[in-house]
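Structure file run25.cif (mmCIF, C-alpha atoms and all ligand atoms; chains and numbers go by the auth columns) follows.
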data_structure
loop_
_atom_site.group_PDB
_atom_site.id
_atom_site.type_symbol
_atom_site.label_atom_id
_atom_site.label_comp_id
_atom_site.label_asym_id
_atom_site.label_seq_id
_atom_site.Cartn_x
_atom_site.Cartn_y
_atom_site.Cartn_z
_atom_site.B_iso_or_equiv
_atom_site.auth_seq_id
_atom_site.auth_asym_id
ATOM 1 C CA MET A 1 17.035 79.385 -27.325 0.00 1 A
ATOM 2 C CA VAL A 2 16.288 79.307 -23.633 0.00 2 A
ATOM 3 C CA ALA A 3 12.853 77.948 -24.297 0.00 3 A
ATOM 4 C CA THR A 4 14.231 75.363 -26.713 0.00 4 A
ATOM 5 C CA ASP A 5 16.906 74.293 -24.249 0.00 5 A
ATOM 6 C CA THR A 6 14.263 73.924 -21.560 0.00 6 A
ATOM 7 C CA VAL A 7 12.076 71.801 -23.809 0.00 7 A
ATOM 8 C CA VAL A 8 15.047 69.626 -24.713 0.00 8 A
ATOM 9 C CA GLY A 9 15.935 69.381 -21.049 0.00 9 A
ATOM 10 C CA ILE A 10 12.403 68.395 -20.079 0.00 10 A
ATOM 11 C CA ILE A 11 12.196 65.845 -22.868 0.00 11 A
ATOM 12 C CA GLY A 12 15.560 64.480 -21.810 0.00 12 A
ATOM 13 C CA ALA A 13 14.381 64.220 -18.227 0.00 13 A
ATOM 14 C CA ILE A 14 11.171 62.480 -19.255 0.00 14 A
ATOM 15 C CA VAL A 15 13.090 60.032 -21.421 0.00 15 A
ATOM 16 C CA LEU A 16 15.483 59.358 -18.553 0.00 16 A
ATOM 17 C CA VAL A 17 12.637 58.788 -16.097 0.00 17 A
ATOM 18 C CA GLY A 18 11.009 56.487 -18.604 0.00 18 A
ATOM 19 C CA VAL A 19 14.203 54.493 -19.036 0.00 19 A
ATOM 20 C CA MET A 20 14.711 54.291 -15.284 0.00 20 A
ATOM 21 C CA ALA A 21 11.111 53.172 -14.780 0.00 21 A
ATOM 22 C CA GLY A 22 11.590 50.519 -17.423 0.00 22 A
ATOM 23 C CA VAL A 23 14.778 49.346 -15.789 0.00 23 A
ATOM 24 C CA PHE A 24 13.046 49.248 -12.401 0.00 24 A
ATOM 25 C CA VAL A 25 10.097 47.236 -13.727 0.00 25 A
ATOM 26 C CA TYR A 26 12.475 44.848 -15.499 0.00 26 A
ATOM 27 C CA GLU A 27 14.599 44.389 -12.406 0.00 27 A
ATOM 28 C CA TYR A 28 11.505 43.942 -10.224 0.00 28 A
ATOM 29 C CA ASN A 29 10.127 41.267 -12.495 0.00 29 A
ATOM 30 C CA GLN A 30 13.480 39.503 -12.740 0.00 30 A
ATOM 31 C CA SER A 31 14.409 39.595 -9.084 0.00 31 A
ATOM 32 C CA GLU A 32 11.109 38.498 -7.543 0.00 32 A
ATOM 33 C CA PRO A 33 10.453 34.811 -8.173 0.00 33 A
ATOM 34 C CA PRO A 34 7.134 33.324 -7.013 0.00 34 A
ATOM 35 C CA VAL A 35 7.061 33.286 -3.260 0.00 35 A
ATOM 36 C CA ASP A 36 6.850 29.864 -1.627 0.00 36 A
ATOM 37 C CA ASP A 37 5.171 30.603 1.646 0.00 37 A
ATOM 38 C CA GLY A 38 5.361 26.994 2.766 0.00 38 A
ATOM 39 C CA ASP A 39 1.579 26.695 3.069 0.00 39 A
ATOM 40 C CA THR A 40 1.142 24.466 0.028 0.00 40 A
ATOM 41 C CA PRO A 41 0.789 20.889 1.254 0.00 41 A
ATOM 42 C CA PRO A 42 2.753 18.240 -0.605 0.00 42 A
ATOM 43 C CA THR A 43 0.771 16.223 -3.099 0.00 43 A
ATOM 44 C CA PHE A 44 -0.092 12.599 -2.453 0.00 44 A
ATOM 45 C CA GLN A 45 2.491 11.501 -4.995 0.00 45 A
ATOM 46 C CA GLU A 46 5.167 13.640 -3.354 0.00 46 A
ATOM 47 C CA THR A 47 4.420 12.078 0.031 0.00 47 A
ATOM 48 C CA TYR A 48 4.038 8.512 -1.256 0.00 48 A
ATOM 49 C CA PRO A 49 6.054 8.285 -4.487 0.00 49 A
ATOM 50 C CA PHE A 50 5.885 4.469 -4.384 0.00 50 A
ATOM 51 C CA LEU A 51 2.067 4.222 -4.228 0.00 51 A
ATOM 52 C CA ASN A 52 -0.667 4.612 -6.829 0.00 52 A
ATOM 53 C CA ALA A 53 -3.130 7.338 -5.798 0.00 53 A
ATOM 54 C CA THR A 54 -6.154 5.670 -7.358 0.00 54 A
ATOM 55 C CA GLU A 55 -5.705 2.235 -5.773 0.00 55 A
ATOM 56 C CA ASP A 56 -7.251 1.173 -2.461 0.00 56 A
ATOM 57 C CA ILE A 57 -4.572 -0.816 -0.663 0.00 57 A
ATOM 58 C CA ASP A 58 -6.556 -1.375 2.539 0.00 58 A
ATOM 59 C CA GLY A 59 -9.689 -2.397 0.667 0.00 59 A
ATOM 60 C CA ASP A 60 -12.015 -0.108 2.611 0.00 60 A
ATOM 61 C CA GLY A 61 -13.618 1.376 -0.511 0.00 61 A
ATOM 62 C CA THR A 62 -11.782 4.715 -0.291 0.00 62 A
ATOM 63 C CA ARG A 63 -8.987 5.252 -2.787 0.00 63 A
ATOM 64 C CA ASN A 64 -5.529 5.913 -1.414 0.00 64 A
ATOM 65 C CA ASP A 65 -5.365 9.651 -2.043 0.00 65 A
ATOM 66 C CA ASN A 66 -8.744 10.244 -0.341 0.00 66 A
ATOM 67 C CA ASP A 67 -8.065 7.944 2.604 0.00 67 A
ATOM 68 C CA THR A 68 -6.957 9.618 5.838 0.00 68 A
ATOM 69 C CA ASP A 69 -5.706 6.217 7.066 0.00 69 A
ATOM 70 C CA LEU A 70 -4.671 4.640 3.806 0.00 70 A
ATOM 71 C CA ASP A 71 -3.249 1.428 5.276 0.00 71 A
ATOM 72 C CA GLY A 72 -6.180 0.959 7.646 0.00 72 A
ATOM 73 C CA ASP A 73 -4.123 0.364 10.786 0.00 73 A
ATOM 74 C CA GLY A 74 -5.980 2.956 12.832 0.00 74 A
ATOM 75 C CA ILE A 75 -3.138 5.492 12.692 0.00 75 A
ATOM 76 C CA LEU A 76 -3.862 8.568 10.591 0.00 76 A
ATOM 77 C CA ASN A 77 -1.498 9.151 7.683 0.00 77 A
ATOM 78 C CA ALA A 78 0.006 12.275 9.265 0.00 78 A
ATOM 79 C CA ASP A 79 1.133 10.228 12.290 0.00 79 A
ATOM 80 C CA ASP A 80 1.898 6.956 10.524 0.00 80 A
ATOM 81 C CA GLU A 81 5.538 6.263 9.774 0.00 81 A
ATOM 82 C CA ALA A 82 4.956 3.086 7.759 0.00 82 A
ATOM 83 C CA VAL A 83 2.533 1.874 5.117 0.00 83 A
ATOM 84 C CA ASN A 84 1.610 -1.689 6.012 0.00 84 A
ATOM 85 C CA THR A 85 -1.724 -3.362 5.406 0.00 85 A
ATOM 86 C CA THR A 86 -2.911 -6.320 7.488 0.00 86 A
ATOM 87 C CA PHE A 87 -5.788 -8.670 6.756 0.00 87 A
ATOM 88 C CA ALA A 88 -6.896 -11.416 9.097 0.00 88 A
ATOM 89 C CA MET A 89 -9.694 -13.883 9.626 0.00 89 A
ATOM 90 C CA THR A 90 -10.516 -16.910 11.733 0.00 90 A
ATOM 91 C CA GLY A 91 -12.603 -19.686 10.261 0.00 91 A
ATOM 92 C CA SER A 92 -13.369 -23.372 10.268 0.00 92 A
ATOM 93 C CA LEU A 93 -13.167 -26.344 7.968 0.00 93 A
ATOM 94 C CA GLY A 94 -15.423 -29.328 8.343 0.00 94 A
ATOM 95 C CA ALA A 95 -14.419 -32.920 7.657 0.00 95 A
ATOM 96 C CA ASP A 96 -12.963 -33.647 4.243 0.00 96 A
ATOM 97 C CA PRO A 97 -15.906 -34.010 1.837 0.00 97 A
ATOM 98 C CA GLY A 98 -14.057 -36.665 -0.153 0.00 98 A
ATOM 99 C CA PRO A 99 -10.990 -37.223 -2.305 0.00 99 A
ATOM 100 C CA THR A 100 -12.505 -35.566 -5.354 0.00 100 A
ATOM 101 C CA SER A 101 -13.661 -32.490 -3.530 0.00 101 A
ATOM 102 C CA GLU A 102 -11.704 -29.843 -1.781 0.00 102 A
ATOM 103 C CA PHE A 103 -12.843 -27.693 1.027 0.00 103 A
ATOM 104 C CA SER A 104 -10.882 -24.564 1.626 0.00 104 A
ATOM 105 C CA LEU A 105 -10.846 -21.471 3.723 0.00 105 A
ATOM 106 C CA SER A 106 -9.735 -18.376 1.817 0.00 106 A
ATOM 107 C CA LEU A 107 -8.578 -14.928 2.862 0.00 107 A
ATOM 108 C CA GLY A 108 -8.650 -12.507 -0.070 0.00 108 A
ATOM 109 C CA PHE A 109 -6.638 -9.302 0.084 0.00 109 A
ATOM 110 C CA PRO A 110 -5.490 -6.534 -2.278 0.00 110 A
ATOM 111 C CA VAL A 111 -1.841 -6.099 -3.226 0.00 111 A
ATOM 112 C CA GLY A 112 -1.114 -2.606 -4.473 0.00 112 A
ATOM 113 C CA THR A 113 1.567 -0.802 -6.410 0.00 113 A
ATOM 114 C CA GLY A 114 4.663 -0.300 -4.287 0.00 114 A
ATOM 115 C CA ASN A 115 4.396 -3.568 -2.376 0.00 115 A
ATOM 116 C CA ALA A 116 7.854 -4.533 -1.161 0.00 116 A
ATOM 117 C CA HIS A 117 7.307 -7.455 1.160 0.00 117 A
ATOM 118 C CA THR A 118 4.327 -9.740 1.717 0.00 118 A
ATOM 119 C CA VAL A 119 3.973 -12.222 4.577 0.00 119 A
ATOM 120 C CA VAL A 120 1.169 -14.752 5.016 0.00 120 A
ATOM 121 C CA THR A 121 0.720 -16.903 8.088 0.00 121 A
ATOM 122 C CA ALA A 122 -1.869 -19.506 9.058 0.00 122 A
ATOM 123 C CA THR A 123 -2.135 -21.408 12.324 0.00 123 A
ATOM 124 C CA TRP A 124 -4.388 -24.183 13.531 0.00 124 A
ATOM 125 C CA SER A 125 -4.443 -26.843 16.218 0.00 125 A
ATOM 126 C CA VAL A 126 -3.536 -30.452 15.535 0.00 126 A
ATOM 127 C CA ALA A 127 -4.079 -33.685 17.420 0.00 127 A
ATOM 128 C CA LEU A 128 -1.090 -35.481 18.854 0.00 128 A
ATOM 129 C CA GLY A 129 -0.134 -39.102 18.404 0.00 129 A
ATOM 130 C CA THR A 130 -1.368 -39.854 14.901 0.00 130 A
ATOM 131 C CA GLY A 131 1.959 -39.611 13.119 0.00 131 A
ATOM 132 C CA VAL A 132 0.410 -37.214 10.649 0.00 132 A
ATOM 133 C CA PRO A 133 -0.819 -33.797 11.740 0.00 133 A
ATOM 134 C CA GLN A 134 -4.582 -34.066 12.097 0.00 134 A
ATOM 135 C CA PRO A 135 -6.340 -32.365 10.595 0.00 135 A
ATOM 136 C CA ASN A 136 -3.932 -32.697 7.694 0.00 136 A
ATOM 137 C CA LEU A 137 -4.251 -29.350 5.970 0.00 137 A
ATOM 138 C CA GLY A 138 -2.246 -27.637 3.294 0.00 138 A
ATOM 139 C CA ALA A 139 -1.771 -23.943 2.561 0.00 139 A
ATOM 140 C CA ARG A 140 -1.119 -21.950 -0.582 0.00 140 A
ATOM 141 C CA LEU A 141 -1.003 -18.385 -1.789 0.00 141 A
ATOM 142 C CA VAL A 142 -2.721 -17.417 -5.028 0.00 142 A
ATOM 143 C CA LEU A 143 -0.903 -14.418 -6.487 0.00 143 A
ATOM 144 C CA PRO A 144 -2.739 -11.696 -8.436 0.00 144 A
ATOM 145 C CA ASP A 145 -1.564 -13.215 -11.737 0.00 145 A
ATOM 146 C CA GLY A 146 -3.020 -16.598 -10.752 0.00 146 A
ATOM 147 C CA GLU A 147 0.290 -18.243 -9.910 0.00 147 A
ATOM 148 C CA LEU A 148 0.054 -20.683 -7.000 0.00 148 A
ATOM 149 C CA ARG A 149 2.752 -20.659 -4.345 0.00 149 A
ATOM 150 C CA PRO A 150 2.779 -23.603 -1.920 0.00 150 A
ATOM 151 C CA VAL A 151 3.178 -22.652 1.715 0.00 151 A
ATOM 152 C CA GLY A 152 5.093 -25.067 3.888 0.00 152 A
ATOM 153 C CA VAL A 153 3.515 -26.281 7.123 0.00 153 A
ATOM 154 C CA GLN A 154 5.505 -26.768 10.314 0.00 154 A
ATOM 155 C CA VAL A 155 4.073 -28.591 13.299 0.00 155 A
ATOM 156 C CA SER A 156 5.245 -27.856 16.810 0.00 156 A
ATOM 157 C CA GLY A 157 3.422 -29.579 19.632 0.00 157 A
ATOM 158 C CA GLN A 158 -0.263 -29.157 18.910 0.00 158 A
ATOM 159 C CA THR A 159 0.097 -26.154 16.662 0.00 159 A
ATOM 160 C CA ALA A 160 0.548 -26.184 12.895 0.00 160 A
ATOM 161 C CA THR A 161 1.926 -23.052 11.310 0.00 161 A
ATOM 162 C CA ALA A 162 2.107 -22.260 7.608 0.00 162 A
ATOM 163 C CA THR A 163 4.033 -19.183 6.576 0.00 163 A
ATOM 164 C CA LEU A 164 5.515 -17.670 3.441 0.00 164 A
ATOM 165 C CA GLU A 165 7.356 -14.438 2.753 0.00 165 A
ATOM 166 C CA LEU A 166 7.595 -12.840 -0.679 0.00 166 A
ATOM 167 C CA GLU A 167 9.503 -9.980 -2.195 0.00 167 A
ATOM 168 C CA PRO A 168 7.593 -7.590 -4.541 0.00 168 A
ATOM 169 C CA VAL A 169 4.756 -9.298 -6.371 0.00 169 A
ATOM 170 C CA GLY A 170 2.283 -8.247 -9.051 0.00 170 A
ATOM 171 C CA VAL A 171 -0.577 -5.887 -8.340 0.00 171 A
ATOM 172 C CA GLY A 172 -4.145 -7.091 -7.869 0.00 172 A
ATOM 173 C CA ASP A 173 -6.205 -9.411 -5.691 0.00 173 A
ATOM 174 C CA ALA A 174 -4.398 -12.233 -3.909 0.00 174 A
ATOM 175 C CA ALA A 175 -5.834 -15.074 -1.834 0.00 175 A
ATOM 176 C CA PHE A 176 -4.333 -17.051 1.025 0.00 176 A
ATOM 177 C CA GLU A 177 -5.967 -20.458 1.346 0.00 177 A
ATOM 178 C CA VAL A 178 -5.940 -23.391 3.751 0.00 178 A
ATOM 179 C CA PHE A 179 -7.384 -26.574 2.319 0.00 179 A
ATOM 180 C CA THR A 180 -8.028 -30.194 3.215 0.00 180 A
ATOM 181 C CA GLN A 181 -5.740 -32.944 2.017 0.00 181 A
ATOM 182 C CA ASP A 182 -6.417 -36.632 1.615 0.00 182 A
ATOM 183 C CA GLY A 183 -6.741 -38.323 4.938 0.00 183 A
ATOM 184 C CA SER A 184 -8.030 -35.314 6.729 0.00 184 A
ATOM 185 C CA LEU A 185 -11.120 -36.572 8.460 0.00 185 A
ATOM 186 C CA LEU A 186 -11.216 -34.280 11.430 0.00 186 A
ATOM 187 C CA PRO A 187 -12.959 -30.963 11.389 0.00 187 A
ATOM 188 C CA ALA A 188 -10.679 -28.019 11.994 0.00 188 A
ATOM 189 C CA ASP A 189 -11.854 -25.076 14.005 0.00 189 A
ATOM 190 C CA GLY A 190 -10.208 -21.796 14.792 0.00 190 A
ATOM 191 C CA ILE A 191 -7.971 -21.635 11.735 0.00 191 A
ATOM 192 C CA ARG A 192 -6.391 -18.218 11.757 0.00 192 A
ATOM 193 C CA LEU A 193 -5.139 -16.665 8.522 0.00 193 A
ATOM 194 C CA MET A 194 -3.241 -13.410 8.310 0.00 194 A
ATOM 195 C CA ALA A 195 -1.686 -11.504 5.419 0.00 195 A
ATOM 196 C CA GLU A 196 0.561 -8.469 5.731 0.00 196 A
ATOM 197 C CA VAL A 197 1.734 -6.286 2.866 0.00 197 A
ATOM 198 C CA HIS A 198 4.552 -3.814 3.498 0.00 198 A
ATOM 199 C CA TYR A 199 4.957 -0.871 1.117 0.00 199 A
ATOM 200 C CA GLY A 200 7.862 1.375 0.362 0.00 200 A
HETATM 201 CA CA CA B . -8.515 2.822 1.243 0.00 301 A
HETATM 202 CA CA CA B . -2.385 4.305 8.936 0.00 302 A
#
Let me see the structure of the file written as structure tokens.
Amino acid sequence: MVATDTVVGIIGAIVLVGVMAGVFVYEYNQSEPPVDDGDTPPTFQETYPFLNATEDIDGDGTRNDNDTDLDGDGILNADDEAVNTTFAMTGSLGADPGPTSEFSLSLGFPVGTGNAHTVVTATWSVALGTGVPQPNLGARLVLPDGELRPVGVQVSGQTATATLELEPVGVGDAAFEVFTQDGSLLPADGIRLMAEVHYG
């Protein structure tokens, strides 16, 4: 009987140890969630939820999620508090080629997903004393969907300024254009066009 009691006791102890081990493993697995050590960098979409990773908003040939300076302003993403793209050019228009022809200067620029505010501005010099700004130029913005938006021109002294601000617009390639109008016979030099797209 002693031997039998001992065997029963040993079996009981083994069963108990087994149960305890099972409980321990269960508790261990339940109480230890995956450790977040903080070393995992946020994804592009987590950092810029309003942008599309595969677009190229600054037009430099590198898609957004591979671009260390995605808005092309010279400030690396890690140090850049805003996503704003700027495109600018200075060009010239010769004399009006005739009433049936149009001569324009065009600044093309990409408008990406997440655009919130777009501003285009053109400036050029005009001659005084003619009653009509000379050269008599017009300005317009061609939206990605092909819609044309006229841009009003204001003249102050010898400077003509055309500017337009837009709330979110469609995604794609836009163009800001300055063009000759009837009666424009003077060549225009140093026409400066600028487009800014603010994201967020
Ligand atoms: Ca880019
Ligand atoms: Ca930047």
Polymer residues at most 10 Å from Asp145 in chain A, only C-alpha atoms, same-chain spacing of 3 or more positions, as number ranges by chain: A: 142, 148, 169-174
Target residues per the PyMOL selection byres (((chain A and resi 157) around 10) and not hetatm), formatted as a ChimeraX atom specification: /A:125-128,133,154-156,158-160
Residues within 8 Å of ligand CA 302 (chain A), counting only C-alpha atoms and all ligand atoms, as a list in words: Thr68, Asp69, Leu70, Asp71, Gly72, Asp73, Gly74, Ile75, Leu76, Asn77, Asp79, Asp80, Ala82, Val83 and Asn84 of chain A
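Of the residues listed (A:Glu177, A:Glu46, A:Asp67, A:Glu165), A:Glu177 shows the shortest atom-to-atom separation from Ser106 in chain A; distances use all atoms listed in the file.
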Point-to-point distance in Å for CA of Pro150 in chain A and CA of Asp56 in chain A: 26.7 Å
Chain and number of each residue from the PyMOL selection byres (((chain A and resi 116) around 8) and not hetatm), as a count of residues only: 11
May I have a table of the residues of chain A lying at most 6 Å from ligand CA 301 (chain A), giving each one's closest pair of atoms and their distance in Å to one decimal, counting only C-alpha atoms and all ligand atoms, ordered by chain and ascending residue number, as a tab-separated table?
residue	atom	partner	partner_atom	distance
A:Asp56	CA	A:CA301	CA	4.2
A:Ile57	CA	A:CA301	CA	5.7
A:Asp58	CA	A:CA301	CA	4.8
A:Gly59	CA	A:CA301	CA	5.4
A:Asp60	CA	A:CA301	CA	4.8
A:Gly61	CA	A:CA301	CA	5.6
A:Thr62	CA	A:CA301	CA	4.1
A:Arg63	CA	A:CA301	CA	4.7
A:Asn64	CA	A:CA301	CA	5.1
A:Asp67	CA	A:CA301	CA	5.3
A:Leu70	CA	A:CA301	CA	5.0
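Excluding Gly91 in chain A and any residue on its chain fewer than 4 positions from it, the residues at most 8 Å away by all atoms listed in the file are Leu105, Asp189, Gly190, Ile191 and Arg192 of chain A.
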CA of Ala53 in chain A to CA of Asp65 in chain A, straight-line distance in Å: 4.9 Å
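For the residues A:Thr43, A:Asn66, A:Trp124, A:Thr86, ranking by smallest atom-to-atom distance to Ala188 in chain A using only C-alpha atoms places A:Trp124 first.
The closest residue to Pro110 in chain A, picked from A:Leu193, A:Met89, A:Leu143, A:Ala78 and counting all atoms listed in the file, is A:Leu143.
Taking CA of Gly152 in chain A and CA of Thr85 in chain A as the two end points, the separation is 22.8 Å.
Distances from A:Leu166, A:Ser92, A:Leu107, A:Gly112 to Phe50 in chain A were compared using only C-alpha atoms, and the smallest one belongs to A:Gly112.
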